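Engineer: Sharing a structure, written as structure tokens. Questions coming.
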Amino acid sequence: MFLILRIVSAILLLWALSTHPYGYYTILRFVVTGVAAYSAYISVNLKKKIWTCSFGIITILFNPFAPIHLNKDTWAVIDVLVAIFFIVSLFFVRDSMKLSPISSKPEK
């Protein structure tokens with residue numbers, strides 16, 4: 001599931017390069033923020049600090065509750081970079097362990 005979430009997010013980010021109603025970009029912010037926050041959580045549990053920080057920055061950047069307003073060209077570059085980042089993360093951040101809901105330590 002974690003793999004699919006990042007692939008879908010990358011596709012939505014690349015699809016955002018074409019023209020859409022404003023509502024699409026609002027939904028995109030919620031999706032990317034949620035996936036990035038969950039990815040940061042997984043990265044913390046896997047002890048991957050650089051990935052955790054990177055996903056955290058993406059979470060803040062796409063946060064729909066306190067949006068960062070940039071021009072369309074800047075967002076296009078960011079969307080492509082974050083889509084590539086999500087795709088690359090597929091190879092380096094894998095949720096291969098079950099995480100215990102009670103403790104933050106991975107179970108074997």
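Every chain in the structure tokens has a letter given in the order shown (A, B, ...), and although residue numbers restart at 1 in each chain, ligands are simply numbered from 1 in the order shown.
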Can you tell me, as a PyMOL selection string, what residues are no more than 12 Å from Phe65 in chain A when counting only C-alpha atoms, ignoring any on the same chain fewer than 6 positions away?

Structural biologist: chain A and resi 26-27+29-30+33+59

Engineer: I want to know what sits within 7 Å of range 87-95 of chain A, based on only C-alpha atoms, with residues of the same chain fewer than 5 positions away left out; could you give that as a list in words?

Structural biologist: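 With the cut-off at 7 Å, the set is Phe2, Leu3, Ile7, Ala10, Ile42 and Ser43 of chain A.
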
Engineer: Within 9 Å of Leu17 in chain A, counting only C-alpha atoms, which residues qualify if same-chain residues fewer than 6 places away don't, as a count of residues only?

Structural biologist: 4

Engineer: Enumerate the residues of range 2-39 of chain A with a DSSP assignment of alpha helix (DSSP H), computed from the backbone, and present them as a ChimeraX atom specification.

Structural biologist: /A:2-15,22-39

Engineer: So, counting only C-alpha atoms, which residue among A:Tyr38, A:Phe55, A:Tyr25, A:Trp15 is closest to Phe85 in chain A?

Structural biologist: A:Phe55

Engineer: What does the distance from CA of Val8 in chain A to CA of His20 in chain A come to in Å, to one decimal?

Structural biologist: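 Between CA of Val8 in chain A and CA of His20 in chain A the gap works out to 17.2 Å.
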
Engineer: From the list A:Ala36, A:Lys72, A:Ala83, A:Val77, which residue is nearest Ile60 in chain A when using only C-alpha atoms?

Structural biologist: A:Ala36

Engineer: Return the single residue from A:Val35, A:Leu28, A:Pro64, A:Tyr22 that is closest to Met1 in chain A, with distances computed using only C-alpha atoms.

Structural biologist: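 Residue with the minimum atom-to-atom distance to Met1 in chain A: A:Val35.
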
Engineer: Between CA of Leu46 in chain A and CA of Leu5 in chain A, what is the distance, to one decimal in Å?

Structural biologist: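 One can read the CA of Leu46 in chain A to CA of Leu5 in chain A distance as 17.8 Å.
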
Engineer: Using CA of Thr74 in chain A and CA of Ile50 in chain A as the two end points, give the distance in Å to one decimal.

Structural biologist: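 The value is 23.7 Å.
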
Engineer: Which of these, A:Val31, A:Asn45, A:Ala37, A:Gly23, has the shortest distance to Ile11 in chain A once you count only C-alpha atoms?

Structural biologist: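 Among the listed residues, the smallest separation from Ile11 in chain A belongs to A:Val31.
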